[in-house]
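A.B. asks: This is structure-v1.pdb (PDB, C-alpha atoms, pLDDT in the B column).
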```pdb
ATOM      1  CA  MET A 911     139.186  23.076 155.959  1.00 69.00           C
ATOM      2  CA  SER A 912     139.619  23.960 152.280  1.00 79.00           C
ATOM      3  CA  ASP A 913     138.934  27.382 150.766  1.00 77.00           C
ATOM      4  CA  ASP A 914     135.768  25.939 149.192  1.00 86.00           C
ATOM      5  CA  ASP A 915     134.575  24.700 152.586  1.00 87.00           C
ATOM      6  CA  SER A 916     135.293  28.107 154.096  1.00 91.00           C
ATOM      7  CA  ALA A 917     133.363  29.872 151.326  1.00 92.00           C
ATOM      8  CA  VAL A 918     130.378  27.556 151.826  1.00 95.00           C
ATOM      9  CA  ALA A 919     130.436  28.106 155.595  1.00 95.00           C
ATOM     10  CA  ARG A 920     130.725  31.886 155.107  1.00 95.00           C
ATOM     11  CA  GLU A 921     127.776  31.869 152.693  1.00 96.00           C
ATOM     12  CA  ARG A 922     125.643  29.850 155.131  1.00 97.00           C
ATOM     13  CA  VAL A 923     126.277  32.382 157.871  1.00 96.00           C
ATOM     14  CA  ILE A 924     125.506  35.302 155.561  1.00 97.00           C
ATOM     15  CA  GLU A 925     122.244  33.635 154.482  1.00 96.00           C
ATOM     16  CA  SER A 926     121.375  33.256 158.156  1.00 96.00           C
ATOM     17  CA  MET A 927     122.089  36.961 158.634  1.00 95.00           C
ATOM     18  CA  GLU A 928     119.686  37.707 155.760  1.00 96.00           C
ATOM     19  CA  GLN A 929     116.947  35.773 157.525  1.00 95.00           C
ATOM     20  CA  SER A 930     117.701  37.416 160.867  1.00 90.00           C
ATOM     21  CA  ALA A 931     117.525  40.844 159.270  1.00 90.00           C
ATOM     22  CA  GLU A 932     113.961  40.120 158.143  1.00 89.00           C
ATOM     23  CA  VAL A 933     112.991  39.056 161.654  1.00 83.00           C
ATOM     24  CA  TYR A 934     114.142  42.460 162.939  1.00 80.00           C
ATOM     25  CA  GLY A 935     112.280  44.397 160.268  1.00 83.00           C
ATOM     26  CA  LEU A 936     115.187  44.947 157.903  1.00 90.00           C
ATOM     27  CA  SER A 937     115.545  43.760 154.318  1.00 95.00           C
ATOM     28  CA  ARG A 938     117.380  40.610 153.296  1.00 96.00           C
ATOM     29  CA  SER A 939     119.802  42.876 151.441  1.00 97.00           C
ATOM     30  CA  ALA A 940     120.631  44.555 154.779  1.00 96.00           C
ATOM     31  CA  GLY A 941     121.500  41.151 156.228  1.00 96.00           C
ATOM     32  CA  ARG A 942     123.672  40.270 153.231  1.00 98.00           C
ATOM     33  CA  ILE A 943     125.528  43.584 153.222  1.00 98.00           C
ATOM     34  CA  TYR A 944     126.122  43.333 156.965  1.00 97.00           C
ATOM     35  CA  GLY A 945     127.367  39.766 156.507  1.00 97.00           C
ATOM     36  CA  VAL A 946     129.721  40.692 153.672  1.00 97.00           C
ATOM     37  CA  LEU A 947     131.149  43.511 155.790  1.00 98.00           C
ATOM     38  CA  TYR A 948     131.373  41.254 158.846  1.00 96.00           C
ATOM     39  CA  PHE A 949     133.563  38.781 156.952  1.00 96.00           C
ATOM     40  CA  ALA A 950     135.601  41.428 155.102  1.00 96.00           C
ATOM     41  CA  SER A 951     139.238  41.652 156.085  1.00 94.00           C
ATOM     42  CA  GLY A 952     139.022  45.445 155.996  1.00 93.00           C
ATOM     43  CA  THR A 953     136.671  48.249 155.095  1.00 95.00           C
ATOM     44  CA  LEU A 954     134.700  48.159 151.838  1.00 96.00           C
ATOM     45  CA  SER A 955     133.388  50.969 149.635  1.00 95.00           C
ATOM     46  CA  ILE A 956     129.981  51.109 147.974  1.00 96.00           C
ATOM     47  CA  PRO A 957     131.438  49.992 144.583  1.00 96.00           C
ATOM     48  CA  GLU A 958     133.131  47.054 146.318  1.00 96.00           C
ATOM     49  CA  LEU A 959     129.862  46.121 148.035  1.00 97.00           C
ATOM     50  CA  VAL A 960     128.054  46.351 144.691  1.00 97.00           C
ATOM     51  CA  GLU A 961     130.616  43.969 143.187  1.00 97.00           C
ATOM     52  CA  GLU A 962     130.513  41.587 146.167  1.00 96.00           C
ATOM     53  CA  THR A 963     126.716  41.414 146.497  1.00 97.00           C
ATOM     54  CA  GLY A 964     125.504  42.001 142.947  1.00 97.00           C
ATOM     55  CA  TYR A 965     123.029  44.619 144.213  1.00 97.00           C
ATOM     56  CA  ALA A 966     122.400  47.906 142.455  1.00 97.00           C
ATOM     57  CA  LYS A 967     124.425  50.880 143.662  1.00 97.00           C
ATOM     58  CA  SER A 968     121.212  52.594 144.840  1.00 97.00           C
ATOM     59  CA  THR A 969     120.289  49.546 146.937  1.00 97.00           C
ATOM     60  CA  VAL A 970     123.746  49.384 148.520  1.00 97.00           C
ATOM     61  CA  SER A 971     123.680  53.117 149.191  1.00 97.00           C
ATOM     62  CA  ASN A 972     120.240  52.998 150.849  1.00 97.00           C
ATOM     63  CA  VAL A 973     121.067  49.903 152.895  1.00 97.00           C
ATOM     64  CA  THR A 974     124.422  51.249 154.109  1.00 97.00           C
ATOM     65  CA  ARG A 975     122.693  54.463 155.173  1.00 96.00           C
ATOM     66  CA  THR A 976     120.112  52.440 157.164  1.00 94.00           C
ATOM     67  CA  LEU A 977     122.709  50.126 158.706  1.00 94.00           C
ATOM     68  CA  SER A 978     124.886  53.113 159.659  1.00 94.00           C
ATOM     69  CA  ARG A 979     121.953  54.883 161.288  1.00 89.00           C
ATOM     70  CA  ILE A 980     121.137  51.899 163.500  1.00 86.00           C
ATOM     71  CA  GLY A 981     124.777  51.205 164.382  1.00 87.00           C
ATOM     72  CA  LEU A 982     125.284  47.875 162.624  1.00 91.00           C
ATOM     73  CA  ILE A 983     127.973  49.304 160.371  1.00 95.00           C
ATOM     74  CA  HIS A 984     130.287  52.297 160.640  1.00 94.00           C
ATOM     75  CA  ARG A 985     131.353  54.811 158.004  1.00 93.00           C
ATOM     76  CA  ARG A 986     135.076  55.424 157.700  1.00 90.00           C
ATOM     77  CA  SER A 987     136.913  57.978 155.613  1.00 80.00           C
ATOM     78  CA  SER A 988     139.158  56.443 153.024  1.00 70.00           C
ATOM     79  CA  THR A 989     142.859  56.468 153.694  1.00 68.00           C
ATOM     80  CA  GLY A 990     144.890  59.141 151.986  1.00 63.00           C
ATOM     81  CA  GLY A 991     142.151  61.735 152.199  1.00 62.00           C
ATOM     82  CA  GLY A 992     140.120  60.422 149.265  1.00 64.00           C
ATOM     83  CA  ARG A 993     136.401  61.095 148.985  1.00 71.00           C
ATOM     84  CA  ARG A 994     135.348  57.458 148.819  1.00 81.00           C
ATOM     85  CA  VAL A 995     133.574  56.402 151.990  1.00 91.00           C
ATOM     86  CA  GLN A 996     134.410  52.995 153.418  1.00 95.00           C
ATOM     87  CA  PHE A 997     132.239  50.824 155.659  1.00 97.00           C
ATOM     88  CA  GLU A 998     132.956  48.245 158.316  1.00 96.00           C
ATOM     89  CA  ALA A 999     130.670  46.014 160.355  1.00 95.00           C
ATOM     90  CA  GLU A1000     130.121  46.417 164.068  1.00 92.00           C
ATOM     91  CA  ARG A1001     131.771  43.218 165.245  1.00 90.00           C
ATOM     92  CA  GLU A1002     130.644  43.338 168.849  1.00 86.00           C
ATOM     93  CA  VAL A1003     127.553  41.182 168.380  1.00 81.00           C
ATOM     94  CA  TRP A1004     126.497  41.546 172.024  1.00 85.00           C
ATOM     95  CA  PHE A1005     126.233  45.318 171.490  1.00 81.00           C
ATOM     96  CA  ILE A1006     123.966  44.661 168.510  1.00 76.00           C
ATOM     97  CA  LEU A1007     121.780  42.247 170.479  1.00 78.00           C
ATOM     98  CA  GLN A1008     121.496  44.699 173.364  1.00 82.00           C
ATOM     99  CA  ASP A1009     120.297  47.321 170.916  1.00 78.00           C
ATOM    100  CA  VAL A1010     117.716  44.874 169.522  1.00 73.00           C
ATOM    101  CA  PHE A1011     116.597  44.062 173.070  1.00 77.00           C
ATOM    102  CA  GLN A1012     116.125  47.737 173.827  1.00 79.00           C
ATOM    103  CA  GLN A1013     114.495  48.779 170.562  1.00 75.00           C
ATOM    104  CA  TYR A1014     112.237  45.854 169.788  1.00 77.00           C
ATOM    105  CA  ILE A1015     111.874  43.188 172.448  1.00 84.00           C
ATOM    106  CA  GLN A1016     111.669  45.495 175.464  1.00 86.00           C
ATOM    107  CA  ARG A1017     109.046  47.634 173.739  1.00 86.00           C
ATOM    108  CA  GLU A1018     107.013  44.567 172.745  1.00 89.00           C
ATOM    109  CA  VAL A1019     107.205  43.085 176.251  1.00 92.00           C
ATOM    110  CA  GLN A1020     106.100  46.370 177.820  1.00 92.00           C
ATOM    111  CA  THR A1021     103.192  46.730 175.385  1.00 94.00           C
ATOM    112  CA  THR A1022     102.035  43.174 176.017  1.00 95.00           C
ATOM    113  CA  LEU A1023     102.429  43.600 179.771  1.00 96.00           C
ATOM    114  CA  ARG A1024     100.261  46.751 179.738  1.00 96.00           C
ATOM    115  CA  THR A1025      97.558  44.854 177.845  1.00 96.00           C
ATOM    116  CA  ILE A1026      97.731  41.914 180.265  1.00 96.00           C
ATOM    117  CA  ARG A1027      97.478  44.233 183.289  1.00 95.00           C
ATOM    118  CA  ARG A1028      94.427  45.968 181.818  1.00 95.00           C
ATOM    119  CA  ALA A1029      92.814  42.601 181.146  1.00 94.00           C
ATOM    120  CA  GLU A1030      93.624  41.488 184.682  1.00 92.00           C
ATOM    121  CA  GLU A1031      91.825  44.567 186.060  1.00 93.00           C
ATOM    122  CA  GLN A1032      88.783  43.959 183.859  1.00 93.00           C
ATOM    123  CA  VAL A1033      88.321  40.280 184.666  1.00 92.00           C
ATOM    124  CA  PRO A1034      86.399  39.595 187.896  1.00 91.00           C
ATOM    125  CA  ALA A1035      88.564  38.097 190.640  1.00 86.00           C
ATOM    126  CA  ASP A1036      86.566  34.867 190.674  1.00 89.00           C
ATOM    127  CA  ALA A1037      86.522  34.363 186.871  1.00 90.00           C
ATOM    128  CA  ARG A1038      88.312  31.298 185.536  1.00 92.00           C
ATOM    129  CA  GLU A1039      90.375  33.551 183.222  1.00 92.00           C
ATOM    130  CA  GLN A1040      91.956  35.336 186.189  1.00 92.00           C
ATOM    131  CA  GLU A1041      94.532  32.639 186.994  1.00 93.00           C
ATOM    132  CA  PRO A1042      95.882  32.194 183.434  1.00 95.00           C
ATOM    133  CA  ILE A1043      96.062  35.979 182.994  1.00 95.00           C
ATOM    134  CA  GLN A1044      97.918  36.311 186.309  1.00 95.00           C
ATOM    135  CA  ASN A1045     100.356  33.555 185.281  1.00 96.00           C
ATOM    136  CA  LEU A1046     100.946  35.295 181.975  1.00 96.00           C
ATOM    137  CA  ARG A1047     101.536  38.634 183.731  1.00 96.00           C
ATOM    138  CA  GLU A1048     104.094  37.043 186.062  1.00 96.00           C
ATOM    139  CA  THR A1049     105.890  35.433 183.122  1.00 96.00           C
ATOM    140  CA  TYR A1050     106.021  38.734 181.228  1.00 95.00           C
ATOM    141  CA  GLU A1051     107.264  40.556 184.334  1.00 96.00           C
ATOM    142  CA  ASP A1052     110.096  38.013 184.560  1.00 94.00           C
ATOM    143  CA  LEU A1053     110.799  38.437 180.865  1.00 92.00           C
ATOM    144  CA  GLU A1054     110.831  42.222 181.266  1.00 92.00           C
ATOM    145  CA  GLU A1055     113.458  41.873 183.998  1.00 91.00           C
ATOM    146  CA  ILE A1056     115.571  39.476 181.921  1.00 88.00           C
ATOM    147  CA  VAL A1057     115.479  41.805 178.906  1.00 87.00           C
ATOM    148  CA  GLN A1058     116.418  44.741 181.130  1.00 88.00           C
ATOM    149  CA  LEU A1059     119.399  42.849 182.553  1.00 87.00           C
ATOM    150  CA  ALA A1060     120.520  41.709 179.094  1.00 85.00           C
ATOM    151  CA  SER A1061     120.322  45.324 177.928  1.00 85.00           C
ATOM    152  CA  GLU A1062     122.418  46.676 180.791  1.00 86.00           C
ATOM    153  CA  TYR A1063     125.204  44.141 181.268  1.00 88.00           C
ATOM    154  CA  SER A1064     127.822  42.573 179.050  1.00 87.00           C
ATOM    155  CA  ALA A1065     127.668  38.870 178.282  1.00 86.00           C
ATOM    156  CA  ALA A1066     130.720  38.336 180.510  1.00 89.00           C
ATOM    157  CA  GLU A1067     129.054  40.142 183.431  1.00 91.00           C
ATOM    158  CA  LEU A1068     125.872  38.082 183.057  1.00 88.00           C
ATOM    159  CA  ARG A1069     127.840  34.853 182.781  1.00 89.00           C
ATOM    160  CA  GLU A1070     129.852  35.739 185.897  1.00 91.00           C
ATOM    161  CA  ALA A1071     126.684  36.530 187.846  1.00 87.00           C
ATOM    162  CA  LEU A1072     125.138  33.203 186.846  1.00 86.00           C
ATOM    163  CA  GLU A1073     128.276  31.281 187.754  1.00 89.00           C
ATOM    164  CA  THR A1074     128.406  33.002 191.137  1.00 88.00           C
ATOM    165  CA  TYR A1075     124.731  32.202 191.692  1.00 81.00           C
ATOM    166  CA  GLU A1076     125.245  28.520 190.836  1.00 80.00           C
ATOM    167  CA  GLN A1077     127.938  28.173 193.525  1.00 72.00           C
TER     168      GLN A1077
END
```
Rewrite the structure of this file - the entire thing - as structure tokens.

C.D. replies:
Amino acid sequence: MSDDDSAVARERVIESMEQSAEVYGLSRSAGRIYGVLYFASGTLSIPELVEETGYAKSTVSNVTRTLSRIGLIHRRSSTGGGRRVQFEAEREVWFILQDVFQQYIQREVQTTLRTIRRAEEQVPADAREQEPIQNLRETYEDLEEIVQLASEYSAAELREALETYEQ
């Protein structure tokens, strides 16, 4: 693979990260900055991120603060005791996904499940809506359990459990 091919592939992945960031309620710039840091060979400072992304310094500063707060990137002191703060991406993607499961998906599943259970109580037992609501509740209960397991165990532990189950 040539350097040009690598740059194109890198850019595709970063663009995908921009889109994913929007799905999780972050800005596209958050996805790009995370992606640039993810592919960086070392830590990067705010001026380096400004140069790499073309964003304003204020944008980079705000986004790095947000990404640091939610654990997607980490602040590092510069070597040699300088004042310039450096940033690096959290590279353990499973950790990031577990956090997303806990913060967003689990909360959404629980909210939907509460609504379904209330509806189930309100609908008469002999109403035609009862069966579809019950099926939906069962599906969301399964989903709640899956999200809980994905939040608690590493990918390797889940894979091992599934492989053991298949035998």

A.B. asks: Quick one: pull the distance between atom CA of A:Ser955 and atom CA of A:Arg942, Å, one decimal.

C.D. replies: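 So the answer is 14.9 Å.
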
A.B. asks: Once the PyMOL selection byres ((chain A and resi 975-982) around 12) has been applied to the shown file, what residues remain in the selection, as a PyMOL selection string?

C.D. replies: chain A and resi 931+934-937+939-945+947-948+956+968-974+983-986+995-1010+1013

A.B. asks: How many Å separate atom CA of A:Ile1015 from atom CA of A:Arg1047?

C.D. replies: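 Pair atom CA of A:Ile1015 / atom CA of A:Arg1047 returns 16.0 Å.
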
A.B. asks: When you look at A:Glu925 with a cut-off of 9 Å (counting all atoms listed in the file), what residues show up, excluding the ones that are within fewer than 2 positions of it in the same chain? I need them as number ranges by chain.

C.D. replies: A: 920-923, 927-930, 938, 941-942, 945

A.B. asks: Which residues, written as a ChimeraX atom specification, have at least one atom at most 10 Å from A:Leu1053, with all atoms listed in the file counted and residues fewer than 6 positions away on the same chain left out?

C.D. replies: /A:1015-1016,1019-1020,1023,1047,1059

A.B. asks: Atom CA of A:Ile1026 and atom CA of A:Thr1049 are how many Å apart?

C.D. replies: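 Going from atom CA of A:Ile1026 over to atom CA of A:Thr1049 covers 10.8 Å.
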